[in-house]
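The file my_file.cif comes next; it holds mmCIF, C-alpha atoms.
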data_entry
loop_
_atom_site.group_PDB
_atom_site.id
_atom_site.type_symbol
_atom_site.label_atom_id
_atom_site.label_comp_id
_atom_site.auth_asym_id
_atom_site.auth_seq_id
_atom_site.Cartn_x
_atom_site.Cartn_y
_atom_site.Cartn_z
ATOM 1 C CA MET A 1135 24.979 27.999 25.127
ATOM 2 C CA GLU A 1136 23.444 27.082 28.460
ATOM 3 C CA ILE A 1137 21.823 23.677 28.047
ATOM 4 C CA LEU A 1138 18.943 22.826 30.377
ATOM 5 C CA ARG A 1139 17.531 19.340 30.720
ATOM 6 C CA TYR A 1140 13.883 18.638 31.467
ATOM 7 C CA VAL A 1141 11.517 15.714 31.350
ATOM 8 C CA ALA A 1142 8.088 16.496 29.885
ATOM 9 C CA PHE A 1143 4.691 14.890 30.508
ATOM 10 C CA SER A 1144 5.692 13.575 33.940
ATOM 11 C CA THR A 1145 6.401 14.910 37.414
ATOM 12 C CA ASP A 1146 8.998 12.162 37.899
ATOM 13 C CA PRO A 1147 12.424 12.711 36.267
ATOM 14 C CA GLU A 1148 12.539 8.940 35.672
ATOM 15 C CA GLY A 1149 9.373 9.089 33.560
ATOM 16 C CA GLY A 1150 8.206 11.203 30.662
ATOM 17 C CA ASN A 1151 10.309 12.276 27.706
ATOM 18 C CA PRO A 1152 13.636 14.067 28.254
ATOM 19 C CA ALA A 1153 14.338 17.188 26.210
ATOM 20 C CA GLY A 1154 17.203 19.597 25.981
ATOM 21 C CA VAL A 1155 16.309 23.291 26.194
ATOM 22 C CA VAL A 1156 18.452 26.255 25.177
ATOM 23 C CA LEU A 1157 16.637 29.451 26.115
ATOM 24 C CA ASP A 1158 19.176 31.667 24.344
ATOM 25 C CA ALA A 1159 20.622 30.190 21.165
ATOM 26 C CA SER A 1160 21.621 33.563 19.723
ATOM 27 C CA GLY A 1161 24.450 33.210 17.240
ATOM 28 C CA ALA A 1162 24.265 29.415 16.964
ATOM 29 C CA ASP A 1163 24.208 28.130 13.398
ATOM 30 C CA ASP A 1164 22.622 24.921 12.125
ATOM 31 C CA ALA A 1165 25.784 22.885 12.592
ATOM 32 C CA ALA A 1166 26.185 24.036 16.190
ATOM 33 C CA MET A 1167 22.578 23.202 17.039
ATOM 34 C CA LEU A 1168 22.771 19.763 15.449
ATOM 35 C CA ARG A 1169 26.067 19.047 17.182
ATOM 36 C CA THR A 1170 24.632 20.164 20.528
ATOM 37 C CA ALA A 1171 21.511 18.003 20.081
ATOM 38 C CA ALA A 1172 23.714 15.004 19.322
ATOM 39 C CA GLU A 1173 25.818 15.682 22.426
ATOM 40 C CA VAL A 1174 22.708 16.018 24.613
ATOM 41 C CA GLY A 1175 21.456 12.744 23.148
ATOM 42 C CA TYR A 1176 17.745 13.178 23.809
ATOM 43 C CA SER A 1177 15.162 12.664 21.076
ATOM 44 C CA GLU A 1178 14.937 16.459 20.688
ATOM 45 C CA THR A 1179 16.554 19.638 21.918
ATOM 46 C CA ALA A 1180 14.805 23.001 21.491
ATOM 47 C CA PHE A 1181 16.771 26.138 20.642
ATOM 48 C CA ALA A 1182 15.045 29.467 21.340
ATOM 49 C CA VAL A 1183 15.947 32.997 20.304
ATOM 50 C CA GLU A 1184 14.007 36.029 21.487
ATOM 51 C CA SER A 1185 12.589 38.270 18.778
ATOM 52 C CA GLY A 1186 11.880 41.943 19.084
ATOM 53 C CA ASP A 1187 8.129 41.518 19.507
ATOM 54 C CA GLY A 1188 8.364 39.308 22.591
ATOM 55 C CA SER A 1189 7.863 36.022 20.775
ATOM 56 C CA LEU A 1190 10.416 33.218 20.630
ATOM 57 C CA VAL A 1191 11.809 31.713 17.466
ATOM 58 C CA VAL A 1192 12.203 28.012 18.300
ATOM 59 C CA ARG A 1193 13.940 25.291 16.313
ATOM 60 C CA TYR A 1194 14.029 21.606 17.182
ATOM 61 C CA PHE A 1195 16.854 19.180 16.519
ATOM 62 C CA SER A 1196 17.078 15.448 17.074
ATOM 63 C CA PRO A 1197 20.572 13.923 17.285
ATOM 64 C CA LEU A 1198 20.330 13.289 13.525
ATOM 65 C CA ALA A 1199 18.352 16.123 11.945
ATOM 66 C CA GLU A 1200 16.138 19.161 12.406
ATOM 67 C CA VAL A 1201 12.417 18.466 12.841
ATOM 68 C CA PRO A 1202 9.698 21.067 12.166
ATOM 69 C CA PHE A 1203 7.916 20.743 15.495
ATOM 70 C CA CYS A 1204 8.226 18.825 18.749
ATOM 71 C CA GLY A 1205 5.551 18.781 21.425
ATOM 72 C CA HIS A 1206 7.474 17.562 24.454
ATOM 73 C CA ALA A 1207 10.369 19.960 23.848
ATOM 74 C CA THR A 1208 7.822 22.797 23.525
ATOM 75 C CA ILE A 1209 6.309 21.909 26.899
ATOM 76 C CA ALA A 1210 9.810 21.745 28.407
ATOM 77 C CA THR A 1211 10.784 25.088 26.860
ATOM 78 C CA ALA A 1212 7.645 26.776 28.168
ATOM 79 C CA VAL A 1213 8.201 25.495 31.708
ATOM 80 C CA ALA A 1214 11.882 26.488 31.637
ATOM 81 C CA HIS A 1215 10.915 29.966 30.436
ATOM 82 C CA ALA A 1216 8.231 30.259 33.142
ATOM 83 C CA GLU A 1217 10.707 29.323 35.862
ATOM 84 C CA ARG A 1218 12.911 32.240 34.832
ATOM 85 C CA HIS A 1219 10.393 34.839 33.686
ATOM 86 C CA GLY A 1220 7.087 33.879 35.277
ATOM 87 C CA THR A 1221 3.987 32.164 33.966
ATOM 88 C CA GLY A 1222 1.868 33.475 31.133
ATOM 89 C CA ARG A 1223 1.368 33.169 27.408
ATOM 90 C CA LEU A 1224 4.097 32.887 24.788
ATOM 91 C CA LEU A 1225 4.042 32.899 21.025
ATOM 92 C CA LEU A 1226 6.522 30.468 19.510
ATOM 93 C CA ARG A 1227 7.536 30.859 15.879
ATOM 94 C CA THR A 1228 8.358 27.365 14.640
ATOM 95 C CA ALA A 1229 9.138 25.924 11.221
ATOM 96 C CA ALA A 1230 5.632 24.429 11.254
ATOM 97 C CA GLY A 1231 3.997 27.791 11.956
ATOM 98 C CA PRO A 1232 3.010 29.885 14.992
ATOM 99 C CA VAL A 1233 2.296 27.931 18.176
ATOM 100 C CA THR A 1234 0.935 29.521 21.346
ATOM 101 C CA VAL A 1235 1.867 28.068 24.718
ATOM 102 C CA SER A 1236 0.560 29.066 28.138
ATOM 103 C CA THR A 1237 1.956 28.208 31.552
ATOM 104 C CA ASP A 1238 0.354 28.149 34.975
ATOM 105 C CA ARG A 1239 0.882 26.562 38.376
ATOM 106 C CA ALA A 1240 -1.337 23.772 39.634
ATOM 107 C CA ALA A 1241 -2.624 23.814 43.202
ATOM 108 C CA ASP A 1242 0.356 21.735 44.325
ATOM 109 C CA GLY A 1243 2.807 24.179 42.753
ATOM 110 C CA THR A 1244 3.595 22.056 39.709
ATOM 111 C CA LEU A 1245 4.146 24.064 36.546
ATOM 112 C CA MET A 1246 1.826 23.089 33.697
ATOM 113 C CA ALA A 1247 2.096 24.098 30.068
ATOM 114 C CA THR A 1248 -0.494 23.982 27.298
ATOM 115 C CA LEU A 1249 0.425 24.395 23.654
ATOM 116 C CA VAL A 1250 -2.062 25.000 20.859
ATOM 117 C CA SER A 1251 -0.937 23.389 17.628
ATOM 118 C CA VAL A 1252 -1.159 24.707 14.124
ATOM 119 C CA ALA A 1253 -4.360 23.695 12.325
ATOM 120 C CA PRO A 1254 -4.348 19.887 11.974
ATOM 121 C CA ARG A 1255 -5.254 17.857 8.923
ATOM 122 C CA THR A 1256 -5.103 14.291 7.647
ATOM 123 C CA VAL A 1257 -4.461 12.619 4.316
ATOM 124 C CA PRO A 1258 -4.995 9.017 3.190
ATOM 125 C CA LEU A 1259 -2.252 6.497 3.898
ATOM 126 C CA GLU A 1260 -1.318 5.098 0.497
ATOM 127 C CA GLU A 1261 -2.071 1.394 0.170
ATOM 128 C CA ALA A 1262 1.503 0.449 -0.763
ATOM 129 C CA ASP A 1263 2.927 2.449 2.149
ATOM 130 C CA PHE A 1264 0.387 0.904 4.517
ATOM 131 C CA ALA A 1265 1.291 -2.623 3.415
ATOM 132 C CA GLU A 1266 5.023 -1.888 3.752
ATOM 133 C CA LEU A 1267 4.513 -0.347 7.176
ATOM 134 C CA LEU A 1268 2.532 -3.330 8.472
ATOM 135 C CA ALA A 1269 5.180 -5.721 7.130
ATOM 136 C CA ILE A 1270 7.967 -3.816 8.894
ATOM 137 C CA LEU A 1271 5.994 -3.794 12.149
ATOM 138 C CA GLY A 1272 5.091 -7.470 11.779
ATOM 139 C CA TRP A 1273 1.399 -6.625 12.122
ATOM 140 C CA SER A 1274 -1.462 -8.180 10.166
ATOM 141 C CA ALA A 1275 -4.882 -6.850 9.225
ATOM 142 C CA GLY A 1276 -6.331 -8.859 12.106
ATOM 143 C CA ASP A 1277 -4.208 -6.869 14.572
ATOM 144 C CA LEU A 1278 -5.973 -3.615 13.674
ATOM 145 C CA ASP A 1279 -8.968 -1.802 15.148
ATOM 146 C CA PRO A 1280 -11.328 -1.252 12.190
ATOM 147 C CA ALA A 1281 -13.081 1.569 14.024
ATOM 148 C CA LEU A 1282 -9.923 3.731 13.781
ATOM 149 C CA PRO A 1283 -8.848 3.647 10.129
ATOM 150 C CA PRO A 1284 -5.232 4.284 9.107
ATOM 151 C CA ARG A 1285 -4.435 7.836 8.039
ATOM 152 C CA VAL A 1286 -1.470 10.200 8.027
ATOM 153 C CA ALA A 1287 -2.132 13.027 10.490
ATOM 154 C CA PHE A 1288 -0.501 16.437 10.839
ATOM 155 C CA ALA A 1289 -0.375 19.094 13.568
ATOM 156 C CA GLY A 1290 3.097 20.447 12.890
ATOM 157 C CA ALA A 1291 4.667 17.181 11.722
ATOM 158 C CA TRP A 1292 3.354 14.118 9.870
ATOM 159 C CA HIS A 1293 2.518 10.885 11.720
ATOM 160 C CA PRO A 1294 0.766 7.800 10.302
ATOM 161 C CA VAL A 1295 -1.923 6.684 12.760
ATOM 162 C CA ILE A 1296 -2.256 2.903 13.118
ATOM 163 C CA ALA A 1297 -4.718 1.544 15.698
ATOM 164 C CA ALA A 1298 -4.161 -1.788 17.432
ATOM 165 C CA ALA A 1299 -7.142 -3.980 18.264
ATOM 166 C CA THR A 1300 -5.724 -4.996 21.671
ATOM 167 C CA ARG A 1301 -3.385 -3.684 24.334
ATOM 168 C CA ASP A 1302 -1.272 -6.836 23.948
ATOM 169 C CA ARG A 1303 -0.689 -6.058 20.274
ATOM 170 C CA LEU A 1304 0.472 -2.555 21.167
ATOM 171 C CA ALA A 1305 2.753 -3.880 23.909
ATOM 172 C CA ASP A 1306 4.492 -6.314 21.562
ATOM 173 C CA LEU A 1307 6.557 -3.866 19.497
ATOM 174 C CA ASP A 1308 9.448 -5.276 17.482
ATOM 175 C CA TYR A 1309 10.403 -3.813 14.129
ATOM 176 C CA GLY A 1310 13.308 -3.398 11.718
ATOM 177 C CA MET A 1311 14.693 0.051 12.435
ATOM 178 C CA PRO A 1312 16.655 0.542 9.149
ATOM 179 C CA ALA A 1313 13.655 -0.478 7.035
ATOM 180 C CA LEU A 1314 11.272 1.795 8.922
ATOM 181 C CA ALA A 1315 13.769 4.670 8.830
ATOM 182 C CA ALA A 1316 14.021 4.341 5.047
ATOM 183 C CA LEU A 1317 10.232 4.356 4.572
ATOM 184 C CA MET A 1318 9.800 7.347 6.893
ATOM 185 C CA ALA A 1319 12.555 9.283 5.128
ATOM 186 C CA ARG A 1320 10.841 8.756 1.768
ATOM 187 C CA ARG A 1321 7.514 9.992 3.125
ATOM 188 C CA ASP A 1322 8.772 12.686 5.530
ATOM 189 C CA TRP A 1323 7.073 11.089 8.538
ATOM 190 C CA THR A 1324 8.333 12.084 11.977
ATOM 191 C CA THR A 1325 7.016 9.222 14.120
ATOM 192 C CA ILE A 1326 4.570 6.354 13.670
ATOM 193 C CA ASP A 1327 1.632 6.861 16.025
ATOM 194 C CA LEU A 1328 0.543 3.404 17.185
ATOM 195 C CA VAL A 1329 -2.544 3.663 19.391
ATOM 196 C CA TRP A 1330 -4.981 1.520 21.327
ATOM 197 C CA ARG A 1331 -8.336 2.814 22.563
ATOM 198 C CA GLU A 1332 -9.116 1.919 26.168
ATOM 199 C CA SER A 1333 -12.292 4.013 26.281
ATOM 200 C CA PRO A 1334 -13.870 6.819 24.245
ATOM 201 C CA THR A 1335 -11.506 9.370 25.822
ATOM 202 C CA VAL A 1336 -8.523 7.293 27.032
ATOM 203 C CA PHE A 1337 -5.866 6.010 24.663
ATOM 204 C CA HIS A 1338 -2.468 4.336 24.885
ATOM 205 C CA ALA A 1339 0.235 5.150 22.347
ATOM 206 C CA ARG A 1340 3.684 4.071 21.221
ATOM 207 C CA ASN A 1341 5.741 6.080 18.753
ATOM 208 C CA PRO A 1342 8.634 4.484 16.829
ATOM 209 C CA PHE A 1343 11.091 7.294 16.019
ATOM 210 C CA PRO A 1344 13.990 6.093 13.850
ATOM 211 C CA PRO A 1345 14.412 9.545 12.199
ATOM 212 C CA GLY A 1346 15.499 10.780 15.619
ATOM 213 C CA GLY A 1347 17.957 7.944 16.079
ATOM 214 C CA VAL A 1348 15.891 6.229 18.789
ATOM 215 C CA THR A 1349 13.747 3.109 18.645
ATOM 216 C CA GLU A 1350 10.816 4.709 20.429
ATOM 217 C CA ASP A 1351 9.720 8.057 21.828
ATOM 218 C CA PRO A 1352 8.268 7.909 25.375
ATOM 219 C CA ALA A 1353 5.956 10.931 24.958
ATOM 220 C CA THR A 1354 5.135 12.592 21.639
ATOM 221 C CA GLY A 1355 3.160 15.798 21.989
ATOM 222 C CA ALA A 1356 3.151 16.530 18.255
ATOM 223 C CA ALA A 1357 1.681 13.106 17.507
ATOM 224 C CA ALA A 1358 -0.888 13.561 20.290
ATOM 225 C CA ALA A 1359 -2.018 16.840 18.695
ATOM 226 C CA ALA A 1360 -2.162 15.208 15.267
ATOM 227 C CA PHE A 1361 -4.193 12.343 16.725
ATOM 228 C CA GLY A 1362 -6.679 14.767 18.262
ATOM 229 C CA GLY A 1363 -7.108 16.376 14.848
ATOM 230 C CA TYR A 1364 -7.499 12.933 13.257
ATOM 231 C CA LEU A 1365 -10.334 11.995 15.643
ATOM 232 C CA ARG A 1366 -12.116 15.296 15.015
ATOM 233 C CA GLU A 1367 -11.755 15.275 11.225
ATOM 234 C CA LEU A 1368 -12.989 11.685 10.896
ATOM 235 C CA GLY A 1369 -15.818 12.193 13.407
ATOM 236 C CA LEU A 1370 -14.435 9.485 15.694
ATOM 237 C CA ALA A 1371 -14.954 11.447 18.920
ATOM 238 C CA PRO A 1372 -17.590 13.970 19.969
ATOM 239 C CA THR A 1373 -16.288 17.517 20.191
ATOM 240 C CA PRO A 1374 -15.379 19.458 22.163
ATOM 241 C CA THR A 1375 -13.651 16.808 24.209
ATOM 242 C CA THR A 1376 -10.637 16.151 26.402
ATOM 243 C CA LEU A 1377 -8.530 13.044 25.849
ATOM 244 C CA THR A 1378 -5.930 11.329 27.993
ATOM 245 C CA ILE A 1379 -3.061 9.599 26.202
ATOM 246 C CA HIS A 1380 -0.763 7.263 28.112
ATOM 247 C CA GLN A 1381 2.604 6.658 26.521
ATOM 248 C CA GLY A 1382 6.008 5.337 27.545
ATOM 249 C CA ALA A 1383 4.859 2.708 30.046
ATOM 250 C CA ASP A 1384 6.106 -0.157 27.866
ATOM 251 C CA MET A 1385 9.605 1.323 27.853
ATOM 252 C CA GLY A 1386 9.686 2.172 31.557
ATOM 253 C CA ARG A 1387 9.085 5.932 31.182
ATOM 254 C CA PRO A 1388 5.344 6.429 31.834
ATOM 255 C CA SER A 1389 3.950 9.678 30.474
ATOM 256 C CA THR A 1390 0.542 11.339 30.539
ATOM 257 C CA ILE A 1391 -0.580 13.726 27.807
ATOM 258 C CA THR A 1392 -3.840 15.674 28.004
ATOM 259 C CA VAL A 1393 -5.303 16.600 24.617
ATOM 260 C CA THR A 1394 -8.072 19.192 24.209
ATOM 261 C CA VAL A 1395 -10.033 18.943 20.957
ATOM 262 C CA PRO A 1396 -12.209 21.988 20.216
ATOM 263 C CA ALA A 1397 -15.266 21.655 18.024
ATOM 264 C CA ASP A 1398 -14.207 24.238 15.427
ATOM 265 C CA PRO A 1399 -12.340 22.327 12.690
ATOM 266 C CA HIS A 1400 -10.143 25.350 12.001
ATOM 267 C CA ASN A 1401 -8.787 25.547 15.539
ATOM 268 C CA GLY A 1402 -5.550 23.950 16.679
ATOM 269 C CA ILE A 1403 -5.389 21.110 19.191
ATOM 270 C CA GLY A 1404 -4.415 21.754 22.804
ATOM 271 C CA VAL A 1405 -1.725 19.585 24.407
ATOM 272 C CA THR A 1406 -1.119 19.916 28.149
ATOM 273 C CA GLY A 1407 1.573 18.452 30.366
ATOM 274 C CA THR A 1408 4.014 19.020 33.153
ATOM 275 C CA ALA A 1409 7.789 19.315 32.945
ATOM 276 C CA VAL A 1410 10.455 19.029 35.639
ATOM 277 C CA ARG A 1411 14.191 19.599 35.712
ATOM 278 C CA ILE A 1412 16.427 16.575 35.461
#
Output the file's structure as structure tokens, nothing else.
Amino acid sequence: MEILRYVAFSTDPEGGNPAGVVLDASGADDAAMLRTAAEVGYSETAFAVESGDGSLVVRYFSPLAEVPFCGHATIATAVAHAERHGTGRLLLRTAAGPVTVSTDRAADGTLMATLVSVAPRTVPLEEADFAELLAILGWSAGDLDPALPPRVAFAGAWHPVIAAATRDRLADLDYGMPALAALMARRDWTTIDLVWRESPTVFHARNPFPPGGVTEDPATGAAAAAFGGYLRELGLAPTPTTLTIHQGADMGRPSTITVTVPADPHNGIGVTGTAVRI
């Protein structure tokens, strides 16, 4: 397999979130894909196989396990495909469902990709799980923004959404990785989406990711899509709207994710970003 390496949600290879991309994973079995993802060492590597109808079957592996959907690796895959085959629209068949992704060039020549997630939804965060999660994070009720209530949000993968009351609270992240990994494994959560609202349309996020074998993810497109669905479902933002999510700055890999939230509650959430070769 030819393994490509990209960084998504940044034009600087030192920022954003690195992803492995295999544009032709024909013949690779699960063990080979997991082994390759572990060797690459990024939070996710995407493995694509062309189908007869022009779509791509895409699977995502962290160094430890397969995940149903990954936003930054999707953006990276779309840009890698566009570099070889030209810009346009692709249909990706993922374990989470069909995801469309479109690529285009900005005025400065930068390749941009926009994915549209599967239909998002949220469910309540059980009280016992919420209390355990706060204890692991070392957060108290006073650290939370009451205007953004805790929920578990989905747009291809499940992410609890926990809103910090201040930027300082978000910046001070220190948690027990084994304890959080155990809780997330029991509940099938992919990352924890910790957010702080700077303005009605600008947010900052951090995403602990022990299921992927890393303390934190510097840019999480799947969580950004889930968060857009969360805001729409709970009526916490007017729709349609466009959000900017800043992530990764606290770990030295600044990333910018643009989230488009349509008004129709049945429509998927748009996630836009750049990707560049490493």
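Residue nearest Thr1248 (chain A) within the list A:Phe1143, A:Val1201, A:Arg1218, A:Leu1314: A:Phe1143 [criterion: smallest interatomic distance, all atoms listed in the file].
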List every residue of region 1211-1308 of chain A that has an atom at most 12 Å from any atom of region 1372-1395 of chain A, and for each one report the closest atom pair and its distance in Å to one decimal, counting all atoms listed in the file, with rows sorted by chain and then by increasing residue number, as a Markdown table.
| residue | atom | partner | partner_atom | distance |
| --- | --- | --- | --- | --- |
| A:Met1246 | CA | A:Thr1392 | CA | 10.9 |
| A:Ala1247 | CA | A:Thr1392 | CA | 10.5 |
| A:Thr1248 | CA | A:Thr1392 | CA | 9.0 |
| A:Leu1249 | CA | A:Val1393 | CA | 9.7 |
| A:Val1250 | CA | A:Thr1394 | CA | 9.0 |
| A:Ser1251 | CA | A:Thr1394 | CA | 10.6 |
| A:Ala1253 | CA | A:Val1395 | CA | 11.4 |
| A:Pro1254 | CA | A:Val1395 | CA | 10.7 |
| A:Arg1301 | CA | A:Asp1384 | CA | 10.7 |
| A:Asp1302 | CA | A:Asp1384 | CA | 10.7 |
| A:Arg1303 | CA | A:Asp1384 | CA | 11.8 |
| A:Leu1304 | CA | A:Asp1384 | CA | 9.1 |
| A:Ala1305 | CA | A:Asp1384 | CA | 6.4 |
| A:Asp1306 | CA | A:Asp1384 | CA | 9.0 |
| A:Leu1307 | CA | A:Asp1384 | CA | 9.2 |
Write the residues of the preceding selection, restricted to C-alpha atoms, as an mmCIF file, keeping the file's coordinate frame.
data_model
loop_
_atom_site.group_PDB
_atom_site.id
_atom_site.type_symbol
_atom_site.label_atom_id
_atom_site.label_comp_id
_atom_site.auth_asym_id
_atom_site.auth_seq_id
_atom_site.Cartn_x
_atom_site.Cartn_y
_atom_site.Cartn_z
ATOM 1 C CA MET A 1246 1.826 23.089 33.697
ATOM 2 C CA ALA A 1247 2.096 24.098 30.068
ATOM 3 C CA THR A 1248 -0.494 23.982 27.298
ATOM 4 C CA LEU A 1249 0.425 24.395 23.654
ATOM 5 C CA VAL A 1250 -2.062 25.000 20.859
ATOM 6 C CA SER A 1251 -0.937 23.389 17.628
ATOM 7 C CA ALA A 1253 -4.360 23.695 12.325
ATOM 8 C CA PRO A 1254 -4.348 19.887 11.974
ATOM 9 C CA ARG A 1301 -3.385 -3.684 24.334
ATOM 10 C CA ASP A 1302 -1.272 -6.836 23.948
ATOM 11 C CA ARG A 1303 -0.689 -6.058 20.274
ATOM 12 C CA LEU A 1304 0.472 -2.555 21.167
ATOM 13 C CA ALA A 1305 2.753 -3.880 23.909
ATOM 14 C CA ASP A 1306 4.492 -6.314 21.562
ATOM 15 C CA LEU A 1307 6.557 -3.866 19.497
#
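Nearest-residue note for Asp1146 (chain A): choosing from A:Ala1265, A:Thr1244, A:His1219, A:Trp1323, the minimum distance belongs to A:Thr1244, counting all atoms listed in the file.
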List the spatial neighbours of Leu1271 (chain A) as a ChimeraX atom specification - criterion: any atom at most 8 Å away, only C-alpha atoms, same-chain residues fewer than 2 positions off excluded. /A:1267-1269,1273,1307-1310
Can you write just those residues out, C-alpha atoms, as a tab-separated table (two decimals), keeping the file's coordinate frame?
chain	number	residue	atom	x	y	z
A	1267	LEU	CA	4.51	-0.35	7.18
A	1268	LEU	CA	2.53	-3.33	8.47
A	1269	ALA	CA	5.18	-5.72	7.13
A	1273	TRP	CA	1.40	-6.62	12.12
A	1307	LEU	CA	6.56	-3.87	19.50
A	1308	ASP	CA	9.45	-5.28	17.48
A	1309	TYR	CA	10.40	-3.81	14.13
A	1310	GLY	CA	13.31	-3.40	11.72
Extending 3 Å beyond the listed atoms of region 1227-1239 of chain A on each side, what axis-aligned box results? I want centre and edge lengths in Å to one decimal, as lines of an AutoDock Vina configuration file.
center_x = 4.7
center_y = 27.6
center_z = 24.8
size_x = 14.8
size_y = 12.4
size_z = 33.2
- Query: Applied to this file, what does the PyMOL selection byres ((chain A and resi 1338) around 8) return in terms of residues, put as a PyMOL selection string?
  - Reply: chain A and resi 1329-1332+1336-1337+1339-1340+1379-1381
_Explicit residues for the PyMOL selection byres ((chain A and resi 1202-1217) around 6) (as JSON, numbers by chain)_ = {"A": [1140, 1142, 1153, 1155, 1180, 1201, 1218, 1219, 1220, 1221, 1229, 1230, 1247, 1290, 1355, 1356, 1409]}
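Here CA of Thr1408 (chain A) and CA of Arg1239 (chain A) stand 9.7 Å from one another.
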Which region 1357-1378 of chain A residues have any atom within 12 Å of an atom of region 1274-1284 of chain A, and for each, what is the nearest pair of atoms with distance in Å to one decimal, counting all atoms listed in the file, rows sorted by chain and number, as JSON lines?
{"residue": "A:Phe1361", "atom": "CA", "partner": "A:Leu1282", "partner_atom": "CA", "distance": 10.8}
{"residue": "A:Tyr1364", "atom": "CA", "partner": "A:Leu1282", "partner_atom": "CA", "distance": 9.5}
{"residue": "A:Leu1365", "atom": "CA", "partner": "A:Leu1282", "partner_atom": "CA", "distance": 8.5}
{"residue": "A:Arg1366", "atom": "CA", "partner": "A:Leu1282", "partner_atom": "CA", "distance": 11.8}
{"residue": "A:Glu1367", "atom": "CA", "partner": "A:Leu1282", "partner_atom": "CA", "distance": 12.0}
{"residue": "A:Leu1368", "atom": "CA", "partner": "A:Leu1282", "partner_atom": "CA", "distance": 9.0}
{"residue": "A:Gly1369", "atom": "CA", "partner": "A:Leu1282", "partner_atom": "CA", "distance": 10.3}
{"residue": "A:Leu1370", "atom": "CA", "partner": "A:Leu1282", "partner_atom": "CA", "distance": 7.6}
{"residue": "A:Ala1371", "atom": "CA", "partner": "A:Leu1282", "partner_atom": "CA", "distance": 10.5}
Skip Asn1341 (chain A) itself and residues of its chain fewer than 3 positions away, then list as number ranges by chain all residues within 9 Å of it, counting only C-alpha atoms. A: 1325-1329, 1349-1354, 1357, 1381-1382
Taking N, CA, C and O atoms as the atom set, what does region 1375-1386 of chain A look like once completed, written as an mmCIF file, in the coordinates of the input?
data_model
loop_
_atom_site.group_PDB
_atom_site.id
_atom_site.type_symbol
_atom_site.label_atom_id
_atom_site.label_comp_id
_atom_site.auth_asym_id
_atom_site.auth_seq_id
_atom_site.Cartn_x
_atom_site.Cartn_y
_atom_site.Cartn_z
ATOM 1 N N THR A 1375 -13.936 17.901 23.293
ATOM 2 C CA THR A 1375 -13.651 16.808 24.209
ATOM 3 C C THR A 1375 -12.233 16.940 24.748
ATOM 4 O O THR A 1375 -11.402 17.668 24.186
ATOM 5 N N THR A 1376 -11.982 16.224 25.827
ATOM 6 C CA THR A 1376 -10.637 16.151 26.402
ATOM 7 C C THR A 1376 -10.220 14.690 26.456
ATOM 8 O O THR A 1376 -10.968 13.845 26.951
ATOM 9 N N LEU A 1377 -9.043 14.403 25.918
ATOM 10 C CA LEU A 1377 -8.530 13.044 25.849
ATOM 11 C C LEU A 1377 -7.330 12.893 26.781
ATOM 12 O O LEU A 1377 -6.588 13.844 27.027
ATOM 13 N N THR A 1378 -7.144 11.683 27.261
ATOM 14 C CA THR A 1378 -5.930 11.329 27.993
ATOM 15 C C THR A 1378 -5.177 10.276 27.194
ATOM 16 O O THR A 1378 -5.754 9.251 26.817
ATOM 17 N N ILE A 1379 -3.902 10.546 26.936
ATOM 18 C CA ILE A 1379 -3.061 9.599 26.202
ATOM 19 C C ILE A 1379 -1.934 9.156 27.122
ATOM 20 O O ILE A 1379 -1.173 9.978 27.633
ATOM 21 N N HIS A 1380 -1.847 7.854 27.333
ATOM 22 C CA HIS A 1380 -0.763 7.263 28.112
ATOM 23 C C HIS A 1380 0.288 6.730 27.152
ATOM 24 O O HIS A 1380 -0.024 6.001 26.203
ATOM 25 N N GLN A 1381 1.512 7.075 27.399
ATOM 26 C CA GLN A 1381 2.604 6.658 26.521
ATOM 27 C C GLN A 1381 3.838 6.383 27.382
ATOM 28 O O GLN A 1381 3.987 6.912 28.481
ATOM 29 N N GLY A 1382 4.730 5.560 26.889
ATOM 30 C CA GLY A 1382 6.008 5.337 27.545
ATOM 31 C C GLY A 1382 6.042 4.233 28.577
ATOM 32 O O GLY A 1382 7.120 3.836 29.014
ATOM 33 N N ALA A 1383 4.873 3.725 28.987
ATOM 34 C CA ALA A 1383 4.859 2.708 30.046
ATOM 35 C C ALA A 1383 5.602 1.448 29.617
ATOM 36 O O ALA A 1383 6.289 0.818 30.425
ATOM 37 N N ASP A 1384 5.478 1.077 28.340
ATOM 38 C CA ASP A 1384 6.106 -0.157 27.866
ATOM 39 C C ASP A 1384 7.618 -0.055 27.794
ATOM 40 O O ASP A 1384 8.300 -1.070 27.672
ATOM 41 N N MET A 1385 8.158 1.151 27.860
ATOM 42 C CA MET A 1385 9.605 1.323 27.853
ATOM 43 C C MET A 1385 10.123 1.850 29.190
ATOM 44 O O MET A 1385 11.264 2.304 29.292
ATOM 45 N N GLY A 1386 9.261 1.805 30.217
ATOM 46 C CA GLY A 1386 9.686 2.172 31.557
ATOM 47 C C GLY A 1386 9.742 3.655 31.825
ATOM 48 O O GLY A 1386 10.320 4.083 32.829
#
